[in-house]
$ cat upload35.txt   # compact mmCIF, C-alpha atoms and all ligand atoms
# COMPACT_ATOMS: atom_id res chain seq x y z
CA MET A 107 -1.86 -3.59 15.78
CA ASP A 108 1.56 -2.07 16.33
CA ALA A 109 0.94 1.70 16.14
CA GLU A 110 4.43 2.51 14.86
CA ALA A 111 4.17 -0.06 12.05
CA LEU A 112 0.77 1.34 11.02
CA ARG A 113 2.16 4.86 11.02
CA LYS A 114 5.11 3.91 8.79
CA THR A 115 2.88 2.05 6.34
CA ARG A 116 0.31 4.84 6.28
CA GLU A 117 2.97 7.46 5.62
CA HIS A 118 4.58 5.37 2.92
CA TYR A 119 1.36 4.83 0.99
CA ASN A 120 0.06 8.36 1.57
CA SER A 121 3.19 9.62 -0.17
CA HIS A 122 2.41 7.44 -3.21
CA ALA A 123 -1.30 8.15 -3.37
CA ASN A 124 -1.55 10.67 -6.15
CA LEU A 125 1.42 10.83 -8.46
CA HIS A 126 -0.49 11.61 -11.65
CA GLU A 127 -3.19 14.06 -12.60
CA ASP A 128 -5.39 11.67 -14.49
CA ARG A 129 -5.59 8.21 -16.00
CA GLU A 130 -3.94 9.29 -19.28
CA GLN A 131 -0.93 10.62 -17.39
CA ALA A 132 -0.78 7.48 -15.26
CA LEU A 133 -0.93 5.26 -18.34
CA GLU A 134 1.86 7.24 -20.00
CA ALA A 135 4.04 7.01 -16.87
CA ARG A 136 3.42 3.29 -16.79
CA ARG A 137 4.40 2.85 -20.44
CA GLN A 138 7.66 4.70 -19.78
CA GLY A 139 8.42 2.90 -16.53
CA LYS A 140 11.00 0.15 -16.19
CA ALA A 141 8.61 -2.00 -14.18
CA LEU A 142 6.06 -2.21 -17.00
CA PRO A 143 6.43 -6.01 -17.52
CA LEU A 144 6.01 -6.65 -13.80
CA LYS A 145 2.99 -4.36 -13.49
CA SER A 146 1.32 -5.87 -16.53
CA PHE A 147 1.92 -9.41 -15.27
CA HIS A 148 0.72 -8.67 -11.74
CA ASN A 149 -2.34 -6.86 -13.05
CA ALA A 150 -3.12 -9.76 -15.34
CA ILE A 151 -2.98 -12.17 -12.39
CA LYS A 152 -5.25 -9.95 -10.32
CA GLY A 153 -7.68 -9.55 -13.21
CA LYS A 154 -7.86 -13.29 -13.82
CA MET A 155 -8.28 -14.04 -10.12
CA ILE A 156 -11.04 -11.46 -9.76
CA SER A 157 -12.89 -12.93 -12.73
CA ARG A 158 -12.33 -16.48 -11.52
CA PHE A 159 -13.38 -16.04 -7.90
CA ALA A 160 -15.70 -13.02 -8.00
CA GLY A 161 -16.96 -12.82 -11.60
CA HIS A 162 -20.62 -11.67 -11.62
CA ALA A 163 -20.62 -11.36 -7.82
CA GLU A 164 -23.20 -9.03 -6.38
CA LYS A 165 -20.84 -7.72 -3.69
CA LEU A 166 -17.05 -7.80 -3.28
CA LEU A 167 -15.04 -6.50 -0.32
CA ASP A 168 -11.46 -5.41 -1.11
CA LEU A 169 -9.28 -5.22 2.02
CA ALA A 170 -6.22 -2.95 1.70
CA CYS A 171 -7.60 -1.81 -1.65
CA GLY A 172 -4.97 0.87 -2.28
CA ARG A 173 -5.73 3.67 -4.71
CA GLY A 174 -8.32 1.97 -6.89
CA GLY A 175 -6.00 0.16 -9.29
CA ASP A 176 -8.53 -2.63 -9.76
CA ILE A 177 -11.62 -0.59 -10.69
CA PHE A 178 -11.48 -1.62 -14.35
CA LYS A 179 -10.98 -5.25 -13.38
CA TRP A 180 -14.08 -5.19 -11.18
CA ALA A 181 -16.10 -3.68 -14.02
CA LYS A 182 -14.78 -6.23 -16.46
CA ALA A 183 -15.71 -9.05 -14.09
CA LYS A 184 -19.25 -7.61 -13.98
CA ILE A 185 -19.30 -7.18 -10.22
CA GLY A 186 -22.24 -5.17 -8.90
CA TYR A 187 -20.81 -3.41 -5.87
CA VAL A 188 -17.34 -3.14 -4.32
CA LYS A 189 -16.34 -1.73 -0.98
CA GLY A 190 -12.66 -0.93 -0.59
CA ILE A 191 -11.00 -0.38 2.79
CA ASP A 192 -7.44 0.86 3.27
CA LEU A 193 -5.19 2.21 5.97
CA SER A 194 -4.06 5.20 3.91
CA PRO A 195 -6.48 8.15 3.68
CA GLY A 196 -4.43 9.44 0.73
CA GLU A 197 -4.93 6.19 -1.20
CA ILE A 198 -8.63 6.19 -0.37
CA ARG A 199 -9.06 9.75 -1.65
CA GLU A 200 -7.26 8.76 -4.85
CA ALA A 201 -9.47 5.65 -5.22
CA GLN A 202 -12.56 7.85 -4.82
CA ARG A 203 -11.24 10.28 -7.41
CA ARG A 204 -10.52 7.50 -9.86
CA PHE A 205 -13.91 5.96 -9.38
CA GLU A 206 -15.53 9.33 -10.09
CA GLU A 207 -13.42 9.60 -13.24
CA PHE A 208 -14.44 6.05 -14.20
CA SER A 209 -18.12 6.79 -13.53
CA SER A 210 -18.10 10.04 -15.49
CA LYS A 211 -16.97 8.11 -18.58
CA ARG A 212 -19.29 5.23 -17.83
CA LYS A 213 -21.75 6.03 -20.65
CA LYS A 214 -19.07 5.20 -23.18
CA ARG A 215 -18.61 1.85 -21.50
CA ALA A 216 -22.07 0.44 -21.98
CA GLY A 217 -22.95 -2.35 -19.60
CA SER A 218 -20.86 -1.41 -16.58
CA ALA A 219 -23.14 -0.80 -13.64
CA LEU A 220 -20.37 -1.01 -11.05
CA ARG A 221 -20.98 0.82 -7.79
CA ALA A 222 -18.12 1.35 -5.34
CA GLU A 223 -17.34 2.95 -2.00
CA PHE A 224 -13.98 3.51 -0.34
CA VAL A 225 -13.30 3.91 3.37
CA ASP A 226 -10.10 4.44 5.34
CA SER A 227 -9.52 2.45 8.50
CA ASP A 228 -6.61 1.07 10.52
CA GLN A 229 -8.85 -1.40 12.38
CA LEU A 230 -8.81 -4.46 10.10
CA GLY A 231 -6.13 -6.15 12.20
CA ALA A 232 -7.06 -4.46 15.48
CA SER A 233 -10.77 -4.83 16.26
CA GLU A 234 -13.92 -6.52 15.07
CA TRP A 235 -15.10 -5.11 11.75
CA ARG A 236 -18.64 -6.04 10.84
CA GLU A 237 -20.21 -4.88 7.59
CA PRO A 238 -23.99 -4.44 7.26
CA TRP A 239 -24.10 -7.55 5.04
CA GLN A 240 -21.94 -10.53 4.11
CA TYR A 241 -20.05 -10.43 0.81
CA ASP A 242 -19.97 -12.96 -2.03
CA ALA A 243 -16.18 -12.65 -2.18
CA ILE A 244 -13.35 -10.84 -0.38
CA THR A 245 -9.89 -9.95 -1.74
CA CYS A 246 -6.64 -8.80 -0.22
CA MET A 247 -4.14 -8.07 -2.98
CA PHE A 248 -0.45 -7.55 -2.17
CA ALA A 249 -1.21 -6.67 1.44
CA ILE A 250 -1.83 -9.64 3.76
CA HIS A 251 1.84 -9.53 4.79
CA TYR A 252 1.18 -6.36 6.79
CA PHE A 253 -0.99 -8.41 9.16
CA PHE A 254 1.92 -10.73 9.94
CA VAL A 255 3.11 -8.02 12.31
CA SER A 256 1.68 -10.16 15.15
CA GLN A 257 -0.32 -13.30 15.78
CA ALA A 258 -3.16 -11.22 17.23
CA ALA A 259 -3.34 -8.99 14.13
CA LEU A 260 -3.45 -11.95 11.72
CA HIS A 261 -6.16 -13.72 13.73
CA ARG A 262 -8.19 -10.53 14.00
CA PHE A 263 -7.86 -9.92 10.28
CA MET A 264 -8.86 -13.51 9.35
CA GLU A 265 -11.84 -13.39 11.70
CA ASN A 266 -12.91 -10.11 10.07
CA VAL A 267 -12.69 -11.82 6.69
CA SER A 268 -14.68 -14.78 7.94
CA ILE A 269 -17.53 -12.84 9.55
CA ASN A 270 -18.00 -10.68 6.46
CA LEU A 271 -17.89 -13.52 3.90
CA LYS A 272 -20.92 -15.58 2.86
CA GLU A 273 -20.79 -19.32 3.42
CA GLY A 274 -19.17 -20.86 0.31
CA GLY A 275 -17.72 -17.49 -0.76
CA TYR A 276 -14.08 -17.04 -1.76
CA PHE A 277 -11.30 -15.09 -0.07
CA PHE A 278 -8.35 -14.68 -2.42
CA GLY A 279 -5.24 -12.60 -2.83
CA THR A 280 -1.53 -12.21 -3.46
CA PHE A 281 1.47 -11.61 -1.18
CA PRO A 282 5.28 -11.79 -1.06
CA SER A 283 6.40 -15.25 0.06
CA GLY A 284 8.48 -15.04 3.23
CA LYS A 285 10.47 -18.04 2.15
CA ARG A 286 11.48 -16.40 -1.12
CA VAL A 287 12.29 -13.07 0.53
CA GLN A 288 14.61 -14.91 2.93
CA GLU A 289 16.21 -16.87 0.10
CA VAL A 290 16.94 -13.78 -1.98
CA ILE A 291 18.48 -11.91 0.96
CA HIS A 292 20.57 -14.88 2.10
CA ARG A 293 21.77 -15.87 -1.32
CA GLY A 294 22.59 -12.25 -2.23
CA GLY A 295 25.67 -12.67 -0.06
CA LYS A 296 25.63 -9.22 1.58
CA TRP A 297 23.47 -9.82 4.61
CA PRO A 298 21.21 -8.10 5.55
CA LEU A 299 20.89 -6.37 2.18
CA PHE A 300 20.08 -7.62 -1.29
CA LYS A 301 20.56 -4.92 -3.87
CA ALA A 302 19.97 -5.06 -7.62
CA PRO A 303 18.83 -2.47 -10.19
CA MET A 304 15.10 -3.17 -9.78
CA LEU A 305 14.94 -4.80 -6.34
CA GLU A 306 16.24 -3.98 -2.89
CA LEU A 307 15.43 -6.09 0.14
CA LYS A 308 16.77 -5.47 3.60
CA ALA A 309 16.22 -7.82 6.54
CA LEU A 310 15.27 -5.88 9.65
CA TRP A 311 14.68 -8.93 11.82
CA LYS A 312 17.43 -9.75 14.25
CA GLY A 313 18.79 -13.27 14.56
CA ASP A 314 16.52 -15.99 13.32
CA ALA A 315 13.29 -15.02 11.62
CA SER A 316 10.20 -15.82 13.65
CA THR A 317 6.62 -16.58 12.68
CA PHE A 318 5.30 -13.07 13.32
CA GLY A 319 6.84 -9.61 13.30
CA SER A 320 9.92 -10.43 11.19
CA ALA A 321 10.20 -7.12 9.38
CA TYR A 322 12.05 -6.27 6.19
CA ASN A 323 12.19 -3.42 3.77
CA CYS A 324 11.14 -3.98 0.18
CA ALA A 325 11.70 -1.59 -2.70
CA ILE A 326 10.82 -2.68 -6.23
CA GLY A 327 11.96 0.03 -8.64
CA ASP A 328 9.24 2.12 -10.29
CA THR A 329 6.44 0.74 -8.08
CA VAL A 330 4.54 1.84 -4.98
CA THR A 331 6.92 -0.12 -2.76
CA ALA A 332 9.93 2.01 -3.68
CA GLY A 333 10.91 4.77 -1.27
CA LYS A 334 11.18 7.22 -4.12
CA PRO A 335 8.73 6.65 -6.92
CA THR A 336 11.18 6.76 -9.81
CA SER A 337 14.36 5.21 -8.53
CA CYS A 338 15.63 2.30 -6.54
CA GLN A 339 19.01 3.81 -5.69
CA GLY A 340 20.78 4.05 -2.36
CA GLN A 341 19.79 2.34 0.87
CA ALA A 342 16.57 0.38 0.71
CA GLU A 343 13.90 2.65 2.11
CA GLY A 344 10.83 1.10 0.61
CA SER A 345 7.80 -0.46 2.16
CA TYR A 346 8.09 -1.84 5.69
CA GLU A 347 6.75 -5.41 5.48
CA TYR A 348 6.65 -8.72 7.38
CA LEU A 349 7.65 -12.24 6.36
CA VAL A 350 4.69 -14.45 5.52
CA PHE A 351 5.00 -18.16 6.27
CA ASN A 352 2.70 -20.20 4.07
CA SER A 353 1.92 -22.80 6.73
CA THR A 354 0.92 -20.04 9.15
CA LEU A 355 -1.26 -18.34 6.55
CA LEU A 356 -3.06 -21.60 5.77
CA GLY A 357 -3.26 -22.74 9.37
CA VAL A 358 -4.68 -19.47 10.73
CA ALA A 359 -7.13 -19.22 7.83
CA ALA A 360 -8.38 -22.77 8.53
CA GLU A 361 -9.00 -21.85 12.16
CA HIS A 362 -11.40 -19.20 10.89
CA GLY A 363 -13.24 -21.56 8.55
CA LEU A 364 -11.32 -20.51 5.42
CA HIS A 365 -10.07 -23.55 3.50
CA ALA A 366 -7.38 -23.36 0.87
CA LEU A 367 -8.16 -24.58 -2.63
CA THR A 368 -5.35 -26.34 -4.44
CA GLU A 369 -6.86 -26.54 -7.90
CA TRP A 370 -8.41 -23.46 -9.38
CA ASP A 371 -9.72 -25.06 -12.51
CA ASP A 372 -8.42 -22.29 -14.75
CA PRO A 373 -5.70 -22.96 -17.35
CA GLU A 374 -5.15 -19.22 -17.91
CA LEU A 375 -4.23 -18.83 -14.25
CA ASP A 376 -2.15 -22.01 -14.16
CA GLU A 377 0.09 -20.48 -16.82
CA CYS A 378 0.96 -17.60 -14.50
CA PHE A 379 2.30 -19.79 -11.69
CA ASP A 380 5.14 -22.23 -11.13
CA GLU A 381 4.36 -25.59 -12.67
CA ALA A 382 5.47 -27.21 -9.40
CA ASP A 383 2.61 -25.45 -7.58
CA ARG A 384 -0.16 -27.00 -9.74
CA ARG A 385 -1.71 -28.92 -6.86
CA LYS A 386 -0.57 -26.66 -4.05
CA ALA A 387 -2.49 -24.16 -2.01
CA VAL A 388 0.05 -21.38 -2.49
CA LYS A 389 1.00 -20.66 -6.08
CA HIS A 390 4.17 -18.71 -6.83
CA PHE A 391 4.29 -16.23 -9.69
CA HIS A 392 6.16 -17.44 -12.74
CA PRO A 393 7.17 -14.36 -14.76
CA ASN A 394 8.39 -14.56 -18.32
CA PHE A 395 9.58 -11.04 -19.05
CA PRO A 396 11.27 -9.83 -22.25
CA ALA A 397 15.05 -10.30 -22.33
CA THR A 398 15.41 -6.50 -22.46
CA SER A 399 14.11 -6.10 -18.90
CA ASP A 400 16.56 -6.33 -16.02
CA SER A 401 16.74 -9.83 -14.52
CA SER A 402 16.14 -8.37 -11.05
CA LEU A 403 12.62 -7.39 -12.18
CA SER A 404 11.90 -11.05 -12.78
CA LYS A 405 13.41 -11.88 -9.40
CA ALA A 406 11.12 -9.28 -7.80
CA SER A 407 8.03 -10.76 -9.44
CA SER A 408 9.02 -14.31 -8.41
CA LEU A 409 8.84 -13.24 -4.76
CA PHE A 410 5.06 -13.21 -4.98
CA ALA A 411 2.44 -15.90 -4.57
CA ALA A 412 -1.33 -16.25 -4.64
CA PHE A 413 -3.93 -18.01 -2.49
CA ALA A 414 -7.65 -18.78 -2.68
CA PHE A 415 -9.74 -19.88 0.28
CA GLN A 416 -13.35 -20.93 0.50
CA LYS A 417 -15.43 -20.31 3.60
CA ARG A 418 -16.78 -23.52 5.09
CA SER A 419 -17.58 -22.80 8.72
CA ALA A 420 -18.60 -26.38 9.46
CA ASP A 421 -15.00 -27.44 8.80
CA LYS A 422 -13.41 -24.84 11.06
CA GLN A 423 -10.15 -26.26 12.38
CA PRO A 424 -9.40 -25.94 16.09
CA PRO A 425 -6.29 -23.92 16.97
CA ALA A 426 -3.16 -26.08 16.82
CA GLY A 427 -2.36 -27.40 20.28
CA SER A 428 -5.86 -26.75 21.65
CA ALA A 429 -7.83 -29.36 23.54
CA ALA A 430 -10.09 -29.87 20.51
CA ALA A 431 -7.08 -30.42 18.25
CA LYS A 432 -5.63 -32.93 20.71
CA ARG A 433 -8.95 -34.80 20.85
CA SER A 434 -8.73 -35.42 17.10
CA GLN A 435 -6.54 -38.45 17.43
CA PRO A 436 -6.75 -41.43 15.05
CA GLY A 437 -9.89 -43.43 15.65
CA GLU A 438 -11.85 -40.47 16.98
CA GLN A 439 -14.50 -38.38 15.26
CA VAL A 440 -12.80 -35.73 13.09
CA SER A 441 -14.14 -33.10 10.68
CA ALA A 442 -13.83 -33.41 6.91
CA ALA A 443 -11.13 -30.74 6.86
CA GLN A 444 -9.15 -32.53 9.52
CA GLN A 445 -9.43 -35.77 7.61
CA ASP A 446 -8.27 -34.01 4.46
CA ALA A 447 -5.41 -32.44 6.34
CA LYS A 448 -4.37 -35.79 7.78
CA ARG A 449 -4.57 -37.50 4.40
CA ALA A 450 -2.54 -34.76 2.72
CA ARG A 451 0.07 -34.89 5.47
CA THR A 452 0.47 -38.64 5.15
CA GLU A 453 0.72 -38.42 1.36
CA THR A 454 3.34 -35.70 1.45
CA GLN A 455 5.28 -37.42 4.18
CA GLN A 456 5.40 -40.50 2.00
CA GLN A 457 6.44 -38.45 -1.03
CA ASN A 458 8.99 -36.21 0.65
CA GLY A 459 10.08 -38.08 3.70
CA SER A 460 9.86 -34.57 5.20
CA SER A 461 8.58 -33.02 8.41
CA ALA A 462 5.18 -32.54 6.84
CA GLY A 463 3.40 -33.90 9.87
CA ALA A 464 4.27 -30.88 11.98
CA THR A 465 1.45 -28.70 13.24
CA PRO A 466 1.44 -25.10 11.97
CA SER A 467 3.15 -23.87 15.08
CA GLN A 468 5.80 -26.57 15.03
CA GLN A 469 6.37 -25.95 11.36
CA ASP A 470 6.62 -22.20 11.86
CA THR A 471 9.38 -22.85 14.32
CA LEU A 472 11.14 -24.91 11.69
CA GLU A 473 10.68 -22.19 9.11
CA GLY A 474 11.63 -19.44 11.46
CA SER A 475 14.47 -20.74 13.50
CA SER A 476 16.32 -23.10 11.25
CA GLY A 477 15.33 -21.78 7.85
CA ALA A 478 17.18 -18.51 7.73
CA VAL A 479 20.53 -19.86 8.87
CA GLU A 480 20.51 -23.18 7.08
CA GLN A 481 19.47 -21.49 3.89
CA THR A 482 22.79 -19.67 3.62
CA GLU A 483 24.73 -22.81 4.28
CA GLN A 484 22.72 -24.97 1.91
CA PRO A 485 21.50 -22.74 -0.88
CA GLY A 486 19.88 -25.63 -2.73
CA ALA A 487 17.90 -27.00 0.18
CA ASP A 488 14.24 -26.19 0.65
CA VAL A 489 14.41 -25.90 4.40
CA THR A 490 12.34 -22.82 5.09
CA GLN A 491 9.03 -24.30 3.99
CA PRO A 492 8.63 -27.95 3.20
CA ALA A 493 5.83 -27.93 0.65
CA GLY A 494 4.02 -30.75 2.39
CA ASN A 495 3.01 -28.62 5.30
CA GLU A 496 1.04 -26.28 3.08
CA GLN A 497 -0.98 -29.24 1.94
CA ALA A 498 -1.94 -30.03 5.49
CA HIS A 499 -4.35 -27.08 5.37
CA ALA A 500 -5.43 -27.38 1.78
CA GLU A 501 -8.12 -29.06 -0.22
CA PRO A 502 -6.74 -31.52 -2.76
CA VAL A 503 -9.65 -30.63 -5.03
CA PRO A 504 -12.16 -27.75 -4.95
CA ALA A 505 -14.91 -28.52 -2.48
CA GLN A 506 -17.63 -27.52 -4.86
CA ALA A 507 -18.20 -25.91 -8.23
CA PRO A 508 -17.30 -22.21 -8.50
CA LEU A 509 -20.00 -19.90 -7.22
CA TYR A 510 -19.82 -17.56 -10.12
CA LYS A 511 -20.04 -17.77 -13.85
CA ARG A 512 -16.85 -16.46 -15.38
CA PRO A 513 -17.24 -13.60 -17.88
CA LYS A 514 -16.66 -14.84 -21.42
CA ALA A 515 -14.04 -12.22 -22.32
CA ARG A 516 -10.44 -12.89 -21.29
CA ALA A 517 -9.36 -10.72 -18.38
CA ARG A 518 -6.55 -8.43 -19.50
CA PRO A 519 -4.43 -6.00 -17.48
CA ALA A 520 -6.53 -2.90 -17.36
CA ASN A 521 -5.19 -0.39 -14.93
CA PRO A 522 -1.78 1.14 -14.56
CA GLU A 523 -1.56 1.47 -10.84
CA GLY A 524 -2.44 -1.82 -9.19
CA GLY A 525 -0.23 -4.78 -8.37
CA LYS A 526 2.66 -3.28 -6.49
CA GLY A 527 2.58 -0.57 -9.12
C1 LIG A 601 1.05 -2.81 -2.23
S1 LIG A 601 -0.38 -1.94 -1.80
C2 LIG A 601 -1.63 -2.90 -2.61
C3 LIG A 601 -2.86 -2.11 -2.95
C4 LIG A 601 -3.91 -2.84 -3.78
N1 LIG A 601 -4.49 -3.95 -3.02
C5 LIG A 601 -3.34 -3.30 -5.09
O1 LIG A 601 -3.29 -4.51 -5.34
O2 LIG A 601 -2.96 -2.47 -5.89
C6 LIG A 601 -0.60 -2.36 -0.09
C7 LIG A 601 -1.78 -1.62 0.53
O3 LIG A 601 -2.01 -2.17 1.84
C8 LIG A 601 -2.49 -1.12 2.65
N2 LIG A 601 -2.35 -1.53 4.07
C9 LIG A 601 -1.23 -1.85 4.72
N3 LIG A 601 -1.50 -2.16 6.01
C10 LIG A 601 -2.84 -2.05 6.15
C11 LIG A 601 -3.74 -2.22 7.26
N4 LIG A 601 -3.30 -2.59 8.47
N5 LIG A 601 -5.07 -1.99 7.06
C12 LIG A 601 -5.51 -1.62 5.83
N6 LIG A 601 -4.72 -1.43 4.75
C13 LIG A 601 -3.39 -1.64 4.92
C14 LIG A 601 -1.60 0.05 2.26
O4 LIG A 601 -2.09 1.29 2.67
C15 LIG A 601 -1.55 -0.13 0.74
O5 LIG A 601 -2.56 0.60 0.11
$ encode --input "upload35.txt" --output "structure tokens" --more "lines below"
Ligand SMILES: C[S@@+](CC[C@H](N)C(=O)[O-])C[C@H]1O[C@@H](n2cnc3c(N)ncnc32)[C@H](O)[C@@H]1O
Amino acid sequence: MDAEALRKTREHYNSHANLHEDREQALEARRQGKALPLKSFHNAIKGKMISRFAGHAEKLLDLACGRGGDIFKWAKAKIGYVKGIDLSPGEIREAQRRFEEFSSKRKKRAGSALRAEFVDSDQLGASEWREPWQYDAITCMFAIHYFFVSQAALHRFMENVSINLKEGGYFFGTFPSGKRVQEVIHRGGKWPLFKAPMLELKALWKGDASTFGSAYNCAIGDTVTAGKPTSCQGQAEGSYEYLVFNSTLLGVAAEHGLHALTEWDDPELDECFDEADRRKAVKHFHPNFPATSDSSLSKASSLFAAFAFQKRSADKQPPAGSAAAKRSQPGEQVSAAQQDAKRARTETQQQNGSSAGATPSQQDTLEGSSGAVEQTEQPGADVTQPAGNEQAHAEPVPAQAPLYKRPKARARPANPEGGKG
């Protein structure tokens, strides 16, 4: 991976690693903070997703785990063991400290037998990472966008997910949608900067955005993305991130045997996302914050989206444009996933009359080269990512019943520091 990008990200998160002495202080800071509604909402989504896709799992792998903001969610979901890996040694030390704090109070929390380990590494997008065993589930919360630095990094990362995930296991997470980031910056009218009380975005890509390496700066006030922990003033100097294109995310995942699920069979989760995304593979956050919070906080939350993939190696899709992909012409033998993809494409083409039949790479060109410019000229048009293309890599219905029994209790936001917090 790009060494300079890794350095910037590491430095940014190291500087946010330990802002509070203990959990009580962190909780108090959270209660006082202006981003409280966003943090609570994002934590609730993470908690529900963890329970839905990893509840009662024996082993969970959390990639880009941060400083341990999800420890209470793992315990609540009755997970046996979690390994967290992150680029930032500071965040890893803080995660270890928090887990020790959690464990020392464990007796009061009867029933939690959670074990956890935390390791720092910058290799997830750079070289093969093989764990001693395969995991029941893998997460990557608010972090997969860092691997959009390059095609090689995203493929490496997805392959690392795939080799460490059990067959049938889930890989799920959340990320800022590249389409929405572009829209906010373009519609803000002061290219390349969008600036509001709780959100600053600055495009760092030059010319048209491209599929990989289109960098921008993101600072959500009072969260870990902000350059200064307590304010969002002045030039955006937040987290250095990369645009994520949904079709690329789904297409690359499918090449590594990870198939997107469109229906998650969970009404509590459905409520958190845009109604329009009900049967889509990428579900955008739908915040409903109190009127007292600044509207830019809601805008910041709406940038984000969630995904859930299931590993089915037998349905691995060949890389777009490869000989194997070309062989899969009508009338020839094709895999179930390819058939699904074809069916979904045809359906969405019929519904939208759009360019849904494009391959991931063709579509990325559409998103990248025409999207950014046309978006400014036609603010209402959905040109950056025709929804149909997402469906080309998604399962219309879950392939099989969930692996895990969900815990009976409702998952509630438990920890102050996770979820871009
Ligand atoms: C917004 S934080 C999210 C942390 C945590 N997953 C959560 O939900 O609270 C993004 C995290 O991604 C980590 N990260 C960024 N690039 C990474 C990379 N190449 N390898 C591992 N971790 C990375 C950062 O260090 C940071 O902890």
$ residues_near_ligand --input "upload35.txt" --ligand "ligand LIG 601 (chain A)" --cutoff "7 Å" --atoms "all atoms listed in the file" --output "mmCIF file with C-alpha atoms, in the coordinates of the input"
data_model
loop_
_atom_site.group_PDB
_atom_site.id
_atom_site.type_symbol
_atom_site.label_atom_id
_atom_site.label_comp_id
_atom_site.auth_asym_id
_atom_site.auth_seq_id
_atom_site.Cartn_x
_atom_site.Cartn_y
_atom_site.Cartn_z
ATOM 1 C CA LEU A 112 0.770 1.340 11.020
ATOM 2 C CA THR A 115 2.880 2.050 6.340
ATOM 3 C CA ARG A 116 0.310 4.840 6.280
ATOM 4 C CA TYR A 119 1.360 4.830 0.990
ATOM 5 C CA LEU A 169 -9.280 -5.220 2.020
ATOM 6 C CA ALA A 170 -6.220 -2.950 1.700
ATOM 7 C CA CYS A 171 -7.600 -1.810 -1.650
ATOM 8 C CA GLY A 172 -4.970 0.870 -2.280
ATOM 9 C CA ARG A 173 -5.730 3.670 -4.710
ATOM 10 C CA GLY A 175 -6.000 0.160 -9.290
ATOM 11 C CA ASP A 176 -8.530 -2.630 -9.760
ATOM 12 C CA ILE A 191 -11.000 -0.380 2.790
ATOM 13 C CA ASP A 192 -7.440 0.860 3.270
ATOM 14 C CA LEU A 193 -5.190 2.210 5.970
ATOM 15 C CA SER A 194 -4.060 5.200 3.910
ATOM 16 C CA GLU A 197 -4.930 6.190 -1.200
ATOM 17 C CA SER A 227 -9.520 2.450 8.500
ATOM 18 C CA ASP A 228 -6.610 1.070 10.520
ATOM 19 C CA GLN A 229 -8.850 -1.400 12.380
ATOM 20 C CA LEU A 230 -8.810 -4.460 10.100
ATOM 21 C CA GLY A 231 -6.130 -6.150 12.200
ATOM 22 C CA CYS A 246 -6.640 -8.800 -0.220
ATOM 23 C CA MET A 247 -4.140 -8.070 -2.980
ATOM 24 C CA PHE A 248 -0.450 -7.550 -2.170
ATOM 25 C CA ALA A 249 -1.210 -6.670 1.440
ATOM 26 C CA TYR A 252 1.180 -6.360 6.790
ATOM 27 C CA PHE A 253 -0.990 -8.410 9.160
ATOM 28 C CA VAL A 330 4.540 1.840 -4.980
ATOM 29 C CA THR A 331 6.920 -0.120 -2.760
ATOM 30 C CA GLU A 523 -1.560 1.470 -10.840
ATOM 31 C CA GLY A 524 -2.440 -1.820 -9.190
ATOM 32 C CA GLY A 525 -0.230 -4.780 -8.370
ATOM 33 C CA LYS A 526 2.660 -3.280 -6.490
ATOM 34 C CA GLY A 527 2.580 -0.570 -9.120
#
$ atom_distance --input "upload35.txt" --atom1 "atom CA of A:Asp226" --atom2 "atom CA of A:Ala412"
24.6 Å
$ closest_residue --input "upload35.txt" --among "A:Asn266, A:Ser419, A:Gln257, A:Asn120" --to "A:Thr354" --atoms "all atoms listed in the file"
A:Gln257
$ closest_residue --input "upload35.txt" --among "A:Ser268, A:Gln240, A:Gln288, A:Gln131" --to "A:Gln416" --atoms "all atoms listed in the file"
A:Ser268
$ closest_residue --input "upload35.txt" --among "A:Phe415, A:Lys179, A:Pro195, A:Val287" --to "A:Glu117" --atoms "all atoms listed in the file"
A:Pro195
$ atom_distance --input "upload35.txt" --atom1 "atom CA of A:Gly161" --atom2 "atom CA of A:Pro393"
24.4 Å
$ residues_near_point --input "upload35.txt" --point "(9.5, -2.4, 0.2)" --cutoff "8 Å" --atoms "all atoms listed in the file" --output "VMD selection string"
chain A and resid 306 to 307 322 to 326 331 to 333 342 to 347
$ atom_distance --input "upload35.txt" --atom1 "atom CA of A:Phe208" --atom2 "atom CA of A:Phe178"
8.2 Å
$ residues_around --input "upload35.txt" --residues "stretch 357-362 of chain A" --least-positions-apart "5" --cutoff "7 Å" --atoms "only C-alpha atoms" --output "number ranges by chain"
A: 261, 264-265, 268, 422-425, 466, 499
$ closest_residue --input "upload35.txt" --among "A:Phe318, A:Phe263, A:Trp239, A:Trp370" --to "A:Ser157" --atoms "only C-alpha atoms"
A:Trp370
$ closest_residue --input "upload35.txt" --among "A:Arg262, A:Leu367, A:Ala420, A:Asp376" --to "A:Phe391" --atoms "all atoms listed in the file"
A:Asp376
$ closest_residue --input "upload35.txt" --among "A:Lys386, A:Leu310, A:Asp328, A:Pro373" --to "A:Gly139" --atoms "all atoms listed in the file"
A:Asp328
